[in-house]
Each structure stands twice: as structure tokens, then as C-alpha cells.
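> First, the structure itself, so that you have it in front of you.
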Amino acid sequence: MRSLFCLIVVGCVATQGVVAQAAPQPQRTIPCREIIDYTTFPYLGNSQRRYQSRLVLGAVSVPAYLVRAHPTLETPWRYFAKHGMVVKSGTSVTITDPPAWRNRVGISWGNNVHRVFHTIRIAACSRIPKRGYAYAGGFFLSSSSACVPLVFIVGSREQKVWFGIGRRCR
């Protein structure tokens, strides 16, 4: 009886491990209907608001620095730094936070009611040639400030970009 109990426990633990490994990481594809605005591309920011963007892989305009993250009163994502991004028309972009950072940062763009993801794919939208499409969103953080990486993938090209949120990256 004792060996049967041990065998059942070992079987349950082994099965649980396989299920946990097979579970997909949270991800989302943002459809074209979630575009919030159109602008020229590349979008380099608004100097009047002291906001500047940088260009990633010639396809995405992202913030260079975010001044602060605001409390959310939720766990584990206690802070949110809101900032949109602009994607070149006709371009599909995948954005992911590296696995080692997933307990410190989550991302959210598009109209998803502040759900947190680790991978976001923005669908290619080409309604207005040579334009950029703006998406609302930002970063969920476990701490009030951080220097965090995101990996951007456009076609076969990939680039890691560091974001200073509430502090500058070195």
C-alpha cells in the first residue's frame, strides 16, 4: 500500500511538471481595428510635450524614456507606465519580454482592458500607405522604476531595446 501511494504521488508530480512546462506563455495578436490614431512615419515624438521616440528596426517608434510608472493597487503588477507606440503601415511586429524578466515586467498594447501579456504580435495593417498606426498601451511593473528589455521582431530581424521607466538605463 505504501509503495502504491508513493507511485501515485510521483505520477502526480511528474504529470504536474509536464503540464506546467506545456502551458503557453500569455500572448495576444492585436488586430487592425484597435488602432487609435494615424500619423506620419517615422514618428519621432512631440517636442512640445518633451516626449521623444526612437526607431526600432525601421518599423516601430517607441519611447526613449518614461518619466514614471503609476500605482495600480493590484498584484503582482503594482505599477503601470502608459505609453503608446507607432507601427509603420503594412508591418507586422512581435514584441516580447525575455523569460528572465517575466516576473518583473509585462506588456499591454491595444484595447485589451489592461490584461498583461509577455508576447504581443501587432498585425500588419495597410489602410494608409506610408503612415504609422498608433496603439495605446504600456508596461506593467512589479516595482516603481526599472530598466527593462523588450525584444522586437520584424520579419527575420530582431532587436533588444532597453526602456528606462522612472530612471534612465545606462
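Identifiers in the C-alpha cells: chain A, B, ... in order shown; residue index from 1 per chain; ligand index from 1 in order shown.
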What's the 12 Å shell around region 152-154 of chain A, counting only C-alpha atoms, without same-chain residues fewer than 3 positions away, as a ChimeraX atom specification?
/A:55-62,87-88,90-98,119-124,149,157-162
> Identify, on the basis of only C-alpha atoms, every residue whose closest approach to Ala81 (chain A) does not exceed 6 Å; exclude the query and any residue fewer than 2 positions from it along the same chain; express the result as a ChimeraX atom specification.
/A:69,138-139
> Could you check which of A:Ile30, A:Ile36, A:Leu73, A:Ala64 is closest to Cys169 (chain A), using only C-alpha atoms?
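So, comparing all the options, the nearest one is A:Ala64.
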> Quick one: distance from CA of Arg78 (chain A) to CA of Val116 (chain A) in Å, one decimal?
12.0 Å
> How far is it from CA of Gln27 (chain A) to CA of Tyr65 (chain A), in Å with one decimal?
24.5 Å
> Restricting the calculation to only C-alpha atoms: of A:Tyr79, A:Arg115, A:Pro26, A:Pro63, which residue gets closest to Gly45 (chain A)?
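Result for the nearest residue to Gly45 (chain A): A:Pro63.
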> CA of Ala146 (chain A) and CA of Pro76 (chain A), how far apart in Å?
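Taking CA of Pro76 (chain A) and CA of Ala146 (chain A), their separation equals 15.0 Å.
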> Which residue, A:Gly84, A:Val105, A:Glu34, A:Ala134, has the smallest gap to Cys147 (chain A) when you use only C-alpha atoms?
A:Val105
> Please list as a VMD selection string every residue within 6 Å of Arg131 (chain A), counting only C-alpha atoms and excluding residues in the same chain fewer than 2 positions away.
chain A and resid 39 to 41 89 128 to 129
> Suppose we keep all heavy atoms; can you now write the selection as a PDB file, in the first residue's frame?

```pdb
ATOM      1  N   THR A  39      -0.639  58.622 -38.060  1.00  0.00           N
ATOM      2  CA  THR A  39       0.332  59.702 -38.052  1.00  0.00           C
ATOM      3  C   THR A  39       1.370  59.459 -39.141  1.00  0.00           C
ATOM      4  O   THR A  39       1.356  58.412 -39.786  1.00  0.00           O
ATOM      5  CB  THR A  39       1.007  59.824 -36.659  1.00  0.00           C
ATOM      6  OG1 THR A  39       1.830  60.987 -36.639  1.00  0.00           O
ATOM      7  CG2 THR A  39       1.815  58.596 -36.315  1.00  0.00           C
ATOM      8  N   THR A  40       2.258  60.414 -39.333  1.00  0.00           N
ATOM      9  CA  THR A  40       3.348  60.192 -40.278  1.00  0.00           C
ATOM     10  C   THR A  40       4.340  59.212 -39.668  1.00  0.00           C
ATOM     11  O   THR A  40       4.416  59.066 -38.446  1.00  0.00           O
ATOM     12  CB  THR A  40       4.071  61.518 -40.596  1.00  0.00           C
ATOM     13  OG1 THR A  40       4.563  62.068 -39.383  1.00  0.00           O
ATOM     14  CG2 THR A  40       3.153  62.496 -41.285  1.00  0.00           C
ATOM     15  N   PHE A  41       5.084  58.527 -40.542  1.00  0.00           N
ATOM     16  CA  PHE A  41       6.075  57.581 -40.048  1.00  0.00           C
ATOM     17  C   PHE A  41       7.397  57.830 -40.746  1.00  0.00           C
ATOM     18  O   PHE A  41       7.411  58.051 -41.952  1.00  0.00           O
ATOM     19  CB  PHE A  41       5.622  56.129 -40.294  1.00  0.00           C
ATOM     20  CG  PHE A  41       6.464  55.154 -39.531  1.00  0.00           C
ATOM     21  CD1 PHE A  41       6.141  54.837 -38.229  1.00  0.00           C
ATOM     22  CD2 PHE A  41       7.609  54.610 -40.088  1.00  0.00           C
ATOM     23  CE1 PHE A  41       6.934  53.968 -37.505  1.00  0.00           C
ATOM     24  CE2 PHE A  41       8.401  53.745 -39.374  1.00  0.00           C
ATOM     25  CZ  PHE A  41       8.069  53.425 -38.078  1.00  0.00           C
ATOM     26  N   SER A  89       2.913  51.354 -41.386  1.00  0.00           N
ATOM     27  CA  SER A  89       1.835  50.661 -42.091  1.00  0.00           C
ATOM     28  C   SER A  89       2.384  49.482 -42.891  1.00  0.00           C
ATOM     29  O   SER A  89       3.503  49.520 -43.396  1.00  0.00           O
ATOM     30  CB  SER A  89       1.097  51.630 -43.023  1.00  0.00           C
ATOM     31  OG  SER A  89       1.949  52.042 -44.067  1.00  0.00           O
ATOM     32  N   ILE A 128      -3.522  53.025 -44.970  1.00  0.00           N
ATOM     33  CA  ILE A 128      -2.985  54.292 -45.464  1.00  0.00           C
ATOM     34  C   ILE A 128      -1.482  54.106 -45.705  1.00  0.00           C
ATOM     35  O   ILE A 128      -0.718  53.995 -44.752  1.00  0.00           O
ATOM     36  CB  ILE A 128      -3.226  55.441 -44.452  1.00  0.00           C
ATOM     37  CG1 ILE A 128      -4.712  55.591 -44.159  1.00  0.00           C
ATOM     38  CG2 ILE A 128      -2.637  56.747 -44.975  1.00  0.00           C
ATOM     39  CD1 ILE A 128      -5.023  56.589 -43.081  1.00  0.00           C
ATOM     40  N   PRO A 129      -1.051  54.056 -46.965  1.00  0.00           N
ATOM     41  CA  PRO A 129       0.368  53.842 -47.250  1.00  0.00           C
ATOM     42  C   PRO A 129       1.260  54.941 -46.659  1.00  0.00           C
ATOM     43  O   PRO A 129       0.854  56.102 -46.566  1.00  0.00           O
ATOM     44  CB  PRO A 129       0.436  53.870 -48.783  1.00  0.00           C
ATOM     45  CG  PRO A 129      -0.959  53.631 -49.233  1.00  0.00           C
ATOM     46  CD  PRO A 129      -1.856  54.175 -48.160  1.00  0.00           C
TER      47      PRO A 129
END
```
> Restricting the calculation to only C-alpha atoms, which member of A:Phe163, A:Tyr38, A:Tyr43, A:Phe80 is positioned closest to Leu141 (chain A)?
A:Phe80
> Would you mind telling me which residue in A:His118, A:Tyr133, A:His70, A:Gly166 lies nearest to Ala100 (chain A) when using only C-alpha atoms?
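Nearest candidate to Ala100 (chain A) out of A:His118, A:Tyr133, A:His70, A:Gly166: A:His118.
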